[in-house]
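**Student:** Next up, target04.txt (compact mmCIF, N, CA and C atoms and all ligand atoms).
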```txt
# COMPACT_ATOMS: atom_id res chain seq x y z
N MET A 1141 158.71 -46.86 -67.04
CA MET A 1141 157.65 -47.69 -66.41
C MET A 1141 158.03 -47.99 -64.97
N SER A 1142 157.27 -47.46 -64.03
CA SER A 1142 157.68 -47.51 -62.62
C SER A 1142 157.62 -48.92 -62.05
N ASN A 1143 156.74 -49.78 -62.59
CA ASN A 1143 156.62 -51.11 -61.99
C ASN A 1143 157.25 -52.22 -62.84
N CYS A 1144 158.18 -51.82 -63.73
CA CYS A 1144 158.80 -52.81 -64.63
C CYS A 1144 160.14 -53.25 -64.06
N ILE A 1145 160.29 -54.55 -63.88
CA ILE A 1145 161.51 -55.08 -63.25
C ILE A 1145 162.75 -54.79 -64.09
N PHE A 1146 162.63 -54.86 -65.43
CA PHE A 1146 163.83 -54.63 -66.25
C PHE A 1146 164.16 -53.13 -66.32
N CYS A 1147 163.18 -52.24 -66.21
CA CYS A 1147 163.49 -50.81 -66.07
C CYS A 1147 164.29 -50.58 -64.80
N LYS A 1148 163.87 -51.27 -63.73
CA LYS A 1148 164.57 -51.12 -62.44
C LYS A 1148 165.98 -51.69 -62.53
N ILE A 1149 166.14 -52.80 -63.23
CA ILE A 1149 167.47 -53.38 -63.42
C ILE A 1149 168.34 -52.43 -64.23
N ALA A 1150 167.79 -51.88 -65.31
CA ALA A 1150 168.57 -50.95 -66.16
C ALA A 1150 168.98 -49.71 -65.38
N ALA A 1151 168.13 -49.29 -64.44
CA ALA A 1151 168.42 -48.09 -63.64
C ALA A 1151 169.31 -48.40 -62.44
N GLY A 1152 169.64 -49.68 -62.23
CA GLY A 1152 170.48 -50.06 -61.10
C GLY A 1152 169.73 -50.14 -59.78
N GLU A 1153 168.39 -50.09 -59.85
CA GLU A 1153 167.59 -50.14 -58.62
C GLU A 1153 167.40 -51.57 -58.13
N ILE A 1154 167.53 -52.53 -59.04
CA ILE A 1154 167.53 -53.95 -58.67
C ILE A 1154 168.86 -54.51 -59.17
N LYS A 1155 169.51 -55.30 -58.31
CA LYS A 1155 170.84 -55.84 -58.64
C LYS A 1155 170.76 -56.81 -59.81
N SER A 1156 171.80 -56.82 -60.62
CA SER A 1156 171.92 -57.82 -61.69
C SER A 1156 173.41 -58.01 -61.96
N ALA A 1157 173.71 -59.09 -62.67
CA ALA A 1157 175.10 -59.39 -63.03
C ALA A 1157 175.36 -58.80 -64.40
N SER A 1158 175.91 -57.61 -64.41
CA SER A 1158 176.12 -56.86 -65.66
C SER A 1158 177.21 -57.50 -66.52
N VAL A 1159 176.96 -57.55 -67.83
CA VAL A 1159 178.03 -57.97 -68.75
C VAL A 1159 178.35 -56.90 -69.78
N TYR A 1160 177.46 -55.91 -69.94
CA TYR A 1160 177.70 -54.84 -70.94
C TYR A 1160 176.77 -53.69 -70.64
N GLU A 1161 177.28 -52.48 -70.87
CA GLU A 1161 176.42 -51.31 -70.73
C GLU A 1161 176.94 -50.20 -71.63
N ASP A 1162 176.02 -49.52 -72.30
CA ASP A 1162 176.37 -48.26 -72.95
C ASP A 1162 175.22 -47.28 -72.72
N GLU A 1163 175.20 -46.19 -73.47
CA GLU A 1163 174.20 -45.15 -73.21
C GLU A 1163 172.76 -45.69 -73.32
N HIS A 1164 172.55 -46.60 -74.26
CA HIS A 1164 171.18 -47.03 -74.58
C HIS A 1164 170.86 -48.47 -74.19
N VAL A 1165 171.90 -49.26 -73.95
CA VAL A 1165 171.73 -50.72 -73.85
C VAL A 1165 172.31 -51.23 -72.54
N TYR A 1166 171.64 -52.23 -71.95
CA TYR A 1166 172.17 -52.91 -70.77
C TYR A 1166 172.06 -54.41 -71.01
N ALA A 1167 173.06 -55.15 -70.62
CA ALA A 1167 173.03 -56.61 -70.75
C ALA A 1167 173.49 -57.24 -69.44
N PHE A 1168 172.82 -58.32 -69.08
CA PHE A 1168 173.09 -58.95 -67.77
C PHE A 1168 172.78 -60.44 -67.86
N LYS A 1169 173.23 -61.16 -66.84
CA LYS A 1169 173.02 -62.62 -66.82
C LYS A 1169 171.60 -62.94 -66.41
N ASP A 1170 170.98 -63.88 -67.13
CA ASP A 1170 169.65 -64.34 -66.74
C ASP A 1170 169.73 -65.05 -65.38
N ILE A 1171 168.76 -64.77 -64.53
CA ILE A 1171 168.75 -65.31 -63.18
C ILE A 1171 168.48 -66.82 -63.16
N ASN A 1172 167.91 -67.32 -64.25
CA ASN A 1172 167.55 -68.74 -64.35
C ASN A 1172 168.10 -69.30 -65.67
N PRO A 1173 169.43 -69.45 -65.72
CA PRO A 1173 170.06 -69.74 -67.02
C PRO A 1173 169.65 -71.09 -67.61
N GLN A 1174 169.35 -71.08 -68.89
CA GLN A 1174 168.97 -72.30 -69.61
C GLN A 1174 170.16 -72.94 -70.31
N THR A 1175 171.26 -72.21 -70.37
CA THR A 1175 172.49 -72.70 -71.01
C THR A 1175 173.66 -72.15 -70.18
N PRO A 1176 174.88 -72.68 -70.38
CA PRO A 1176 176.01 -72.18 -69.56
C PRO A 1176 176.17 -70.66 -69.63
N VAL A 1177 175.94 -70.09 -70.80
CA VAL A 1177 175.89 -68.63 -70.93
C VAL A 1177 174.46 -68.26 -71.35
N HIS A 1178 173.79 -67.49 -70.52
CA HIS A 1178 172.42 -67.05 -70.83
C HIS A 1178 172.32 -65.59 -70.40
N LEU A 1179 172.31 -64.72 -71.41
CA LEU A 1179 172.30 -63.28 -71.16
C LEU A 1179 171.00 -62.67 -71.64
N LEU A 1180 170.68 -61.51 -71.09
CA LEU A 1180 169.54 -60.74 -71.56
C LEU A 1180 170.06 -59.37 -71.98
N VAL A 1181 169.70 -58.96 -73.18
CA VAL A 1181 170.13 -57.66 -73.70
C VAL A 1181 168.88 -56.80 -73.85
N ILE A 1182 168.88 -55.64 -73.19
CA ILE A 1182 167.66 -54.81 -73.16
C ILE A 1182 167.97 -53.36 -73.52
N PRO A 1183 166.98 -52.68 -74.11
CA PRO A 1183 167.11 -51.22 -74.22
C PRO A 1183 166.85 -50.62 -72.84
N LYS A 1184 167.58 -49.57 -72.48
CA LYS A 1184 167.34 -48.95 -71.17
C LYS A 1184 165.96 -48.31 -71.11
N LYS A 1185 165.51 -47.82 -72.27
CA LYS A 1185 164.17 -47.22 -72.35
C LYS A 1185 163.13 -48.34 -72.45
N HIS A 1186 162.00 -48.16 -71.82
CA HIS A 1186 160.98 -49.19 -71.81
C HIS A 1186 160.31 -49.35 -73.17
N ILE A 1187 160.40 -50.56 -73.71
CA ILE A 1187 159.62 -50.99 -74.87
C ILE A 1187 159.04 -52.33 -74.45
N ALA A 1188 157.74 -52.52 -74.51
CA ALA A 1188 157.13 -53.68 -73.88
C ALA A 1188 157.48 -54.99 -74.57
N SER A 1189 157.51 -54.98 -75.89
CA SER A 1189 157.80 -56.22 -76.62
C SER A 1189 158.10 -55.88 -78.07
N MET A 1190 158.41 -56.91 -78.86
CA MET A 1190 158.64 -56.69 -80.30
C MET A 1190 157.42 -56.07 -80.96
N ASN A 1191 156.24 -56.30 -80.40
CA ASN A 1191 155.00 -55.75 -80.97
C ASN A 1191 154.97 -54.22 -80.90
N GLU A 1192 155.75 -53.65 -80.00
CA GLU A 1192 155.77 -52.18 -79.85
C GLU A 1192 156.89 -51.55 -80.66
N MET A 1193 157.63 -52.37 -81.42
CA MET A 1193 158.71 -51.80 -82.24
C MET A 1193 158.11 -51.05 -83.42
N ASN A 1194 158.64 -49.86 -83.69
CA ASN A 1194 158.13 -49.03 -84.78
C ASN A 1194 159.26 -48.13 -85.30
N ALA A 1195 158.92 -47.27 -86.26
CA ALA A 1195 159.94 -46.41 -86.89
C ALA A 1195 160.59 -45.47 -85.88
N GLU A 1196 159.86 -45.12 -84.82
CA GLU A 1196 160.42 -44.19 -83.83
C GLU A 1196 161.46 -44.86 -82.93
N ASN A 1197 161.28 -46.14 -82.62
CA ASN A 1197 162.19 -46.77 -81.66
C ASN A 1197 163.08 -47.85 -82.27
N SER A 1198 162.99 -48.07 -83.59
CA SER A 1198 163.75 -49.19 -84.17
C SER A 1198 165.26 -48.96 -84.08
N ALA A 1199 165.69 -47.69 -84.08
CA ALA A 1199 167.14 -47.43 -83.97
C ALA A 1199 167.64 -47.88 -82.60
N LEU A 1200 166.78 -47.72 -81.60
CA LEU A 1200 167.15 -48.15 -80.25
C LEU A 1200 167.23 -49.68 -80.17
N VAL A 1201 166.29 -50.34 -80.82
CA VAL A 1201 166.32 -51.80 -80.86
C VAL A 1201 167.59 -52.26 -81.59
N ALA A 1202 167.95 -51.54 -82.65
CA ALA A 1202 169.17 -51.88 -83.39
C ALA A 1202 170.40 -51.76 -82.50
N LYS A 1203 170.39 -50.79 -81.59
CA LYS A 1203 171.52 -50.65 -80.65
C LYS A 1203 171.70 -51.91 -79.82
N CYS A 1204 170.57 -52.51 -79.43
CA CYS A 1204 170.65 -53.77 -78.67
C CYS A 1204 171.32 -54.85 -79.53
N LEU A 1205 170.89 -54.93 -80.78
CA LEU A 1205 171.44 -55.97 -81.66
C LEU A 1205 172.92 -55.70 -81.95
N GLU A 1206 173.28 -54.43 -82.10
CA GLU A 1206 174.69 -54.09 -82.35
C GLU A 1206 175.57 -54.45 -81.16
N ALA A 1207 174.99 -54.42 -79.96
CA ALA A 1207 175.77 -54.76 -78.77
C ALA A 1207 176.11 -56.25 -78.72
N ILE A 1208 175.27 -57.08 -79.34
CA ILE A 1208 175.44 -58.53 -79.18
C ILE A 1208 176.78 -59.04 -79.70
N PRO A 1209 177.22 -58.66 -80.91
CA PRO A 1209 178.55 -59.15 -81.33
C PRO A 1209 179.69 -58.62 -80.47
N LYS A 1210 179.52 -57.42 -79.91
CA LYS A 1210 180.56 -56.91 -78.99
C LYS A 1210 180.62 -57.78 -77.75
N ILE A 1211 179.46 -58.11 -77.20
CA ILE A 1211 179.40 -58.96 -76.01
C ILE A 1211 179.97 -60.34 -76.34
N ALA A 1212 179.60 -60.87 -77.50
CA ALA A 1212 180.07 -62.20 -77.91
C ALA A 1212 181.60 -62.22 -78.00
N LYS A 1213 182.16 -61.12 -78.49
CA LYS A 1213 183.63 -61.04 -78.60
C LYS A 1213 184.24 -60.96 -77.20
N ASP A 1214 183.70 -60.09 -76.36
CA ASP A 1214 184.21 -59.93 -74.99
C ASP A 1214 184.18 -61.24 -74.22
N LEU A 1215 183.07 -61.98 -74.38
CA LEU A 1215 182.88 -63.21 -73.61
C LEU A 1215 183.42 -64.44 -74.35
N LYS A 1216 184.03 -64.19 -75.50
CA LYS A 1216 184.64 -65.26 -76.31
C LYS A 1216 183.64 -66.38 -76.63
N LEU A 1217 182.49 -65.96 -77.12
CA LEU A 1217 181.47 -66.96 -77.51
C LEU A 1217 181.78 -67.44 -78.92
N ASP A 1218 183.01 -67.99 -79.07
CA ASP A 1218 183.51 -68.30 -80.40
C ASP A 1218 182.78 -69.47 -81.05
N GLY A 1219 182.14 -70.29 -80.25
CA GLY A 1219 181.39 -71.42 -80.81
C GLY A 1219 180.04 -71.03 -81.36
N GLY A 1220 179.66 -69.78 -81.16
CA GLY A 1220 178.36 -69.30 -81.65
C GLY A 1220 177.36 -69.13 -80.53
N TYR A 1221 176.20 -68.66 -80.91
CA TYR A 1221 175.15 -68.38 -79.91
C TYR A 1221 173.81 -68.27 -80.62
N ARG A 1222 172.77 -68.30 -79.84
CA ARG A 1222 171.41 -68.15 -80.38
C ARG A 1222 170.78 -66.92 -79.73
N VAL A 1223 170.07 -66.14 -80.54
CA VAL A 1223 169.37 -64.94 -80.04
C VAL A 1223 167.88 -65.18 -80.18
N ILE A 1224 167.15 -64.98 -79.08
CA ILE A 1224 165.70 -65.22 -79.07
C ILE A 1224 164.99 -64.03 -78.43
N ALA A 1225 163.90 -63.61 -79.05
CA ALA A 1225 163.01 -62.62 -78.41
C ALA A 1225 161.62 -63.22 -78.36
N ASN A 1226 161.15 -63.54 -77.16
CA ASN A 1226 159.79 -64.03 -77.01
C ASN A 1226 158.83 -62.84 -77.04
N CYS A 1227 157.75 -62.99 -77.78
CA CYS A 1227 156.77 -61.90 -77.88
C CYS A 1227 155.37 -62.44 -77.63
N GLY A 1228 154.80 -62.06 -76.51
CA GLY A 1228 153.42 -62.43 -76.22
C GLY A 1228 153.25 -63.80 -75.59
N ALA A 1229 152.01 -64.12 -75.30
CA ALA A 1229 151.67 -65.30 -74.51
C ALA A 1229 152.12 -66.61 -75.16
N ASP A 1230 151.84 -66.78 -76.44
CA ASP A 1230 152.18 -68.05 -77.09
C ASP A 1230 153.68 -68.30 -77.12
N ALA A 1231 154.45 -67.22 -77.11
CA ALA A 1231 155.92 -67.36 -77.10
C ALA A 1231 156.46 -67.51 -75.68
N GLY A 1232 155.59 -67.36 -74.69
CA GLY A 1232 156.03 -67.52 -73.30
C GLY A 1232 156.70 -66.29 -72.72
N GLN A 1233 156.41 -65.11 -73.28
CA GLN A 1233 157.01 -63.90 -72.71
C GLN A 1233 156.47 -63.67 -71.31
N THR A 1234 157.38 -63.51 -70.35
CA THR A 1234 156.96 -63.31 -68.95
C THR A 1234 157.30 -61.91 -68.44
N VAL A 1235 158.31 -61.28 -69.03
CA VAL A 1235 158.68 -59.92 -68.63
C VAL A 1235 158.41 -59.00 -69.82
N PHE A 1236 157.52 -58.03 -69.60
CA PHE A 1236 157.08 -57.19 -70.71
C PHE A 1236 157.90 -55.91 -70.81
N HIS A 1237 159.20 -56.13 -70.94
CA HIS A 1237 160.18 -55.12 -71.33
C HIS A 1237 161.05 -55.86 -72.35
N LEU A 1238 161.06 -55.37 -73.57
CA LEU A 1238 161.76 -56.08 -74.66
C LEU A 1238 163.14 -56.55 -74.23
N HIS A 1239 163.41 -57.81 -74.50
CA HIS A 1239 164.74 -58.35 -74.19
C HIS A 1239 165.10 -59.43 -75.19
N PHE A 1240 166.40 -59.46 -75.49
CA PHE A 1240 166.94 -60.50 -76.37
C PHE A 1240 167.71 -61.48 -75.50
N HIS A 1241 167.28 -62.73 -75.53
CA HIS A 1241 168.05 -63.79 -74.87
C HIS A 1241 169.25 -64.11 -75.77
N VAL A 1242 170.43 -64.24 -75.16
CA VAL A 1242 171.61 -64.73 -75.88
C VAL A 1242 172.03 -66.01 -75.18
N LEU A 1243 171.93 -67.11 -75.92
CA LEU A 1243 172.18 -68.44 -75.35
C LEU A 1243 173.44 -69.02 -76.00
N ALA A 1244 174.33 -69.54 -75.15
CA ALA A 1244 175.60 -70.04 -75.67
C ALA A 1244 176.25 -70.95 -74.64
N GLY A 1245 177.43 -71.46 -75.00
CA GLY A 1245 178.24 -72.20 -74.03
C GLY A 1245 178.16 -73.70 -74.19
N ARG A 1246 177.29 -74.16 -75.08
CA ARG A 1246 177.24 -75.59 -75.42
C ARG A 1246 176.49 -75.71 -76.74
N PRO A 1247 176.65 -76.84 -77.45
CA PRO A 1247 175.83 -77.02 -78.65
C PRO A 1247 174.35 -76.97 -78.24
N LEU A 1248 173.56 -76.21 -78.98
CA LEU A 1248 172.18 -75.94 -78.55
C LEU A 1248 171.19 -76.99 -79.04
N GLY A 1249 171.67 -77.91 -79.85
CA GLY A 1249 170.85 -79.09 -80.17
C GLY A 1249 169.67 -78.81 -81.07
N GLU A 1250 168.61 -79.60 -80.87
CA GLU A 1250 167.41 -79.54 -81.70
C GLU A 1250 166.96 -78.11 -81.88
N LYS A 1251 166.67 -77.77 -83.11
CA LYS A 1251 166.31 -76.39 -83.39
C LYS A 1251 164.81 -76.22 -83.50
N LEU A 1252 164.30 -75.12 -82.95
CA LEU A 1252 162.91 -74.76 -83.16
C LEU A 1252 162.75 -74.14 -84.54
N VAL A 1253 163.74 -73.36 -84.95
CA VAL A 1253 163.72 -72.75 -86.28
C VAL A 1253 165.01 -73.05 -87.00
P1 LIG B 1 160.82 -64.20 -71.15
O1 LIG B 1 160.17 -65.44 -70.62
O2 LIG B 1 161.29 -64.28 -72.59
O3 LIG B 1 159.96 -62.98 -70.87
O4 LIG B 1 162.17 -64.04 -70.34
C1 LIG B 1 162.27 -63.42 -69.10
C2 LIG B 1 163.57 -63.86 -68.52
O5 LIG B 1 163.91 -62.97 -67.48
C3 LIG B 1 163.56 -65.26 -67.91
O6 LIG B 1 164.53 -66.06 -68.58
C4 LIG B 1 163.91 -65.02 -66.45
O7 LIG B 1 164.74 -66.02 -65.91
C5 LIG B 1 164.61 -63.68 -66.49
N1 LIG B 1 164.55 -62.88 -65.29
C6 LIG B 1 163.45 -62.55 -64.57
N2 LIG B 1 163.79 -61.78 -63.52
C7 LIG B 1 165.14 -61.60 -63.58
C8 LIG B 1 166.10 -60.90 -62.79
N3 LIG B 1 165.74 -60.21 -61.69
N4 LIG B 1 167.41 -60.96 -63.15
C9 LIG B 1 167.78 -61.64 -64.24
N5 LIG B 1 166.93 -62.31 -65.05
C10 LIG B 1 165.62 -62.31 -64.72
ZN ZN B 2 160.62 -51.60 -68.56
```
Rewrite the structure of this file - the entire thing - as structure tokens.
**Tutor:**
Amino acid sequence: MSNCIFCKIAAGEIKSASVYEDEHVYAFKDINPQTPVHLLVIPKKHIASMNEMNAENSALVAKCLEAIPKIAKDLKLDGGYRVIANCGADAGQTVFHLHFHVLAGRPLGEKLV
């Protein structure tokens, strides 16, 4: 997707603070952190949201999820973390390239779920 900011970040065309990268997955620091540690984990290939997940691309989405415990170990998120994927308007999704928020670094308090 030529006009997608996270495609550009994954391709290195827009700067980001990288925390993890492999063949299929890129993870970087959120520019507007909501917690002391706030990361975004994305597939390098464009998938607009969870709504576009299907049998053809689910293995790629799984790669993103598999990366999360590796990142958590590297960053010593020993107290735990929360993983969130906003999908669509009601969830407040603002960037339409699938991403998993990883929130950590303090007790996260009141739970939505
Ligand atoms: P969402 O609202 O779930 O779509 O989340 C989008 C997230 O992307 C927000 O938390 C933004 O702060 C973050 N974001 C937007 N642009 C950038 C960027 N250039 N670098 C890092 N994070 C970004
Ligand atoms: Zn994209």
**Student:** Neighbouring residues of ligand ZN 2 (chain B) are defined here as those with any atom at most 6 Å from a ligand atom, counting only C-alpha atoms and all ligand atoms; list them as a list in words.
**Tutor:**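 Sorted by chain and then by number, the residues are Met1141, Cys1144, Phe1146, Cys1147, His1186 and His1237 of chain A.
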**Student:** Return as a list in words the full set of residues in chain A whose backbone-based DSSP assignment is helix (DSSP H, G or I).
**Tutor:**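 These are the residues in question: Ile1145, Phe1146, Cys1147, Lys1148, Ile1149, Ala1150, Met1190, Asn1191, Glu1192, Ser1198, Ala1199, Leu1200, Val1201, Ala1202, Lys1203, Cys1204, Leu1205, Glu1206, Ala1207, Ile1208, Pro1209, Lys1210, Ile1211, Ala1212, Lys1213, Asp1214, Ala1229, Asp1230 and Ala1231 of chain A.
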**Student:** What is the distance between atom N of A:Val1177 and atom N of A:Ala1157, in Å to one decimal?
**Tutor:**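 Interatomic distance here is 13.9 Å.
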**Student:** With a distance cut-off of 6.5 Å and only N, CA and C atoms, select the neighbouring residues of stretch 1223-1236 of chain A, excluding the residue or stretch itself and same-chain residues fewer than 2 positions from it, and output the selection as a PDB file with N, CA and C atoms, keeping the file's coordinate frame.
**Tutor:**
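Just written: result22.pdb:
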```
ATOM      1  N   ILE A1187     160.400 -50.560 -73.710  1.00  0.00           N
ATOM      2  CA  ILE A1187     159.620 -50.990 -74.870  1.00  0.00           C
ATOM      3  C   ILE A1187     159.040 -52.330 -74.450  1.00  0.00           C
ATOM      4  N   ALA A1188     157.740 -52.520 -74.510  1.00  0.00           N
ATOM      5  CA  ALA A1188     157.130 -53.680 -73.880  1.00  0.00           C
ATOM      6  C   ALA A1188     157.480 -54.990 -74.570  1.00  0.00           C
ATOM      7  N   SER A1189     157.510 -54.980 -75.890  1.00  0.00           N
ATOM      8  CA  SER A1189     157.800 -56.220 -76.620  1.00  0.00           C
ATOM      9  C   SER A1189     158.100 -55.880 -78.070  1.00  0.00           C
ATOM     10  N   MET A1190     158.410 -56.910 -78.860  1.00  0.00           N
ATOM     11  CA  MET A1190     158.640 -56.690 -80.300  1.00  0.00           C
ATOM     12  C   MET A1190     157.420 -56.070 -80.960  1.00  0.00           C
ATOM     13  N   ASN A1191     156.240 -56.300 -80.400  1.00  0.00           N
ATOM     14  CA  ASN A1191     155.000 -55.750 -80.970  1.00  0.00           C
ATOM     15  C   ASN A1191     154.970 -54.220 -80.900  1.00  0.00           C
ATOM     16  N   TYR A1221     176.200 -68.660 -80.910  1.00  0.00           N
ATOM     17  CA  TYR A1221     175.150 -68.380 -79.910  1.00  0.00           C
ATOM     18  C   TYR A1221     173.810 -68.270 -80.620  1.00  0.00           C
ATOM     19  N   LEU A1238     161.060 -55.370 -73.570  1.00  0.00           N
ATOM     20  CA  LEU A1238     161.760 -56.080 -74.660  1.00  0.00           C
ATOM     21  C   LEU A1238     163.140 -56.550 -74.230  1.00  0.00           C
ATOM     22  N   HIS A1239     163.410 -57.810 -74.500  1.00  0.00           N
ATOM     23  CA  HIS A1239     164.740 -58.350 -74.190  1.00  0.00           C
ATOM     24  C   HIS A1239     165.100 -59.430 -75.190  1.00  0.00           C
ATOM     25  N   PHE A1240     166.400 -59.460 -75.490  1.00  0.00           N
ATOM     26  CA  PHE A1240     166.940 -60.500 -76.370  1.00  0.00           C
ATOM     27  C   PHE A1240     167.710 -61.480 -75.500  1.00  0.00           C
ATOM     28  N   HIS A1241     167.280 -62.730 -75.530  1.00  0.00           N
ATOM     29  CA  HIS A1241     168.050 -63.790 -74.870  1.00  0.00           C
ATOM     30  C   HIS A1241     169.250 -64.110 -75.770  1.00  0.00           C
ATOM     31  N   VAL A1242     170.430 -64.240 -75.160  1.00  0.00           N
ATOM     32  CA  VAL A1242     171.610 -64.730 -75.880  1.00  0.00           C
ATOM     33  C   VAL A1242     172.030 -66.010 -75.180  1.00  0.00           C
ATOM     34  N   LEU A1243     171.930 -67.110 -75.920  1.00  0.00           N
ATOM     35  CA  LEU A1243     172.180 -68.440 -75.350  1.00  0.00           C
ATOM     36  C   LEU A1243     173.440 -69.020 -76.000  1.00  0.00           C
TER      37      LEU A1243
END
```
**Student:** As an exercise, work out the distance from atom CA of A:Lys1213 to atom N of A:Asp1170 in Å and give it to one decimal place.
**Tutor:** 17.3 Å
**Student:** Complete stretch 1206-1221 of chain A with N, CA, C and O atoms (output as an mmCIF file, keeping the file's coordinate frame).
**Tutor:**
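Saved the output as out-v4.cif:
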```cif
data_model
loop_
_atom_site.group_PDB
_atom_site.id
_atom_site.type_symbol
_atom_site.label_atom_id
_atom_site.label_comp_id
_atom_site.auth_asym_id
_atom_site.auth_seq_id
_atom_site.Cartn_x
_atom_site.Cartn_y
_atom_site.Cartn_z
ATOM 1 N N GLU A 1206 173.280 -54.430 -82.100
ATOM 2 C CA GLU A 1206 174.690 -54.090 -82.350
ATOM 3 C C GLU A 1206 175.570 -54.450 -81.160
ATOM 4 O O GLU A 1206 176.751 -54.757 -81.324
ATOM 5 N N ALA A 1207 174.990 -54.420 -79.960
ATOM 6 C CA ALA A 1207 175.770 -54.760 -78.770
ATOM 7 C C ALA A 1207 176.110 -56.250 -78.720
ATOM 8 O O ALA A 1207 177.129 -56.638 -78.133
ATOM 9 N N ILE A 1208 175.270 -57.080 -79.340
ATOM 10 C CA ILE A 1208 175.440 -58.530 -79.180
ATOM 11 C C ILE A 1208 176.780 -59.040 -79.700
ATOM 12 O O ILE A 1208 177.483 -59.757 -78.972
ATOM 13 N N PRO A 1209 177.220 -58.660 -80.910
ATOM 14 C CA PRO A 1209 178.550 -59.150 -81.330
ATOM 15 C C PRO A 1209 179.690 -58.620 -80.470
ATOM 16 O O PRO A 1209 180.705 -59.317 -80.302
ATOM 17 N N LYS A 1210 179.520 -57.420 -79.910
ATOM 18 C CA LYS A 1210 180.560 -56.910 -78.990
ATOM 19 C C LYS A 1210 180.620 -57.780 -77.750
ATOM 20 O O LYS A 1210 181.709 -58.150 -77.276
ATOM 21 N N ILE A 1211 179.460 -58.110 -77.200
ATOM 22 C CA ILE A 1211 179.400 -58.960 -76.010
ATOM 23 C C ILE A 1211 179.970 -60.340 -76.340
ATOM 24 O O ILE A 1211 180.753 -60.912 -75.571
ATOM 25 N N ALA A 1212 179.600 -60.870 -77.500
ATOM 26 C CA ALA A 1212 180.070 -62.200 -77.910
ATOM 27 C C ALA A 1212 181.600 -62.220 -78.000
ATOM 28 O O ALA A 1212 182.242 -63.192 -77.616
ATOM 29 N N LYS A 1213 182.160 -61.120 -78.490
ATOM 30 C CA LYS A 1213 183.630 -61.040 -78.600
ATOM 31 C C LYS A 1213 184.240 -60.960 -77.200
ATOM 32 O O LYS A 1213 185.177 -61.706 -76.886
ATOM 33 N N ASP A 1214 183.700 -60.090 -76.360
ATOM 34 C CA ASP A 1214 184.210 -59.930 -74.990
ATOM 35 C C ASP A 1214 184.180 -61.240 -74.220
ATOM 36 O O ASP A 1214 185.095 -61.578 -73.481
ATOM 37 N N LEU A 1215 183.070 -61.980 -74.380
ATOM 38 C CA LEU A 1215 182.880 -63.210 -73.610
ATOM 39 C C LEU A 1215 183.420 -64.440 -74.350
ATOM 40 O O LEU A 1215 183.265 -65.560 -73.891
ATOM 41 N N LYS A 1216 184.030 -64.190 -75.500
ATOM 42 C CA LYS A 1216 184.640 -65.260 -76.310
ATOM 43 C C LYS A 1216 183.640 -66.380 -76.630
ATOM 44 O O LYS A 1216 183.917 -67.563 -76.429
ATOM 45 N N LEU A 1217 182.490 -65.960 -77.120
ATOM 46 C CA LEU A 1217 181.470 -66.960 -77.510
ATOM 47 C C LEU A 1217 181.780 -67.440 -78.920
ATOM 48 O O LEU A 1217 180.965 -67.341 -79.852
ATOM 49 N N ASP A 1218 183.010 -67.990 -79.070
ATOM 50 C CA ASP A 1218 183.510 -68.300 -80.400
ATOM 51 C C ASP A 1218 182.780 -69.470 -81.050
ATOM 52 O O ASP A 1218 182.794 -69.622 -82.267
ATOM 53 N N GLY A 1219 182.140 -70.290 -80.250
ATOM 54 C CA GLY A 1219 181.390 -71.420 -80.810
ATOM 55 C C GLY A 1219 180.040 -71.030 -81.360
ATOM 56 O O GLY A 1219 179.339 -71.847 -81.941
ATOM 57 N N GLY A 1220 179.660 -69.780 -81.160
ATOM 58 C CA GLY A 1220 178.360 -69.300 -81.650
ATOM 59 C C GLY A 1220 177.360 -69.130 -80.530
ATOM 60 O O GLY A 1220 177.644 -69.417 -79.357
ATOM 61 N N TYR A 1221 176.200 -68.660 -80.910
ATOM 62 C CA TYR A 1221 175.150 -68.380 -79.910
ATOM 63 C C TYR A 1221 173.810 -68.270 -80.620
ATOM 64 O O TYR A 1221 173.744 -68.180 -81.850
#
```
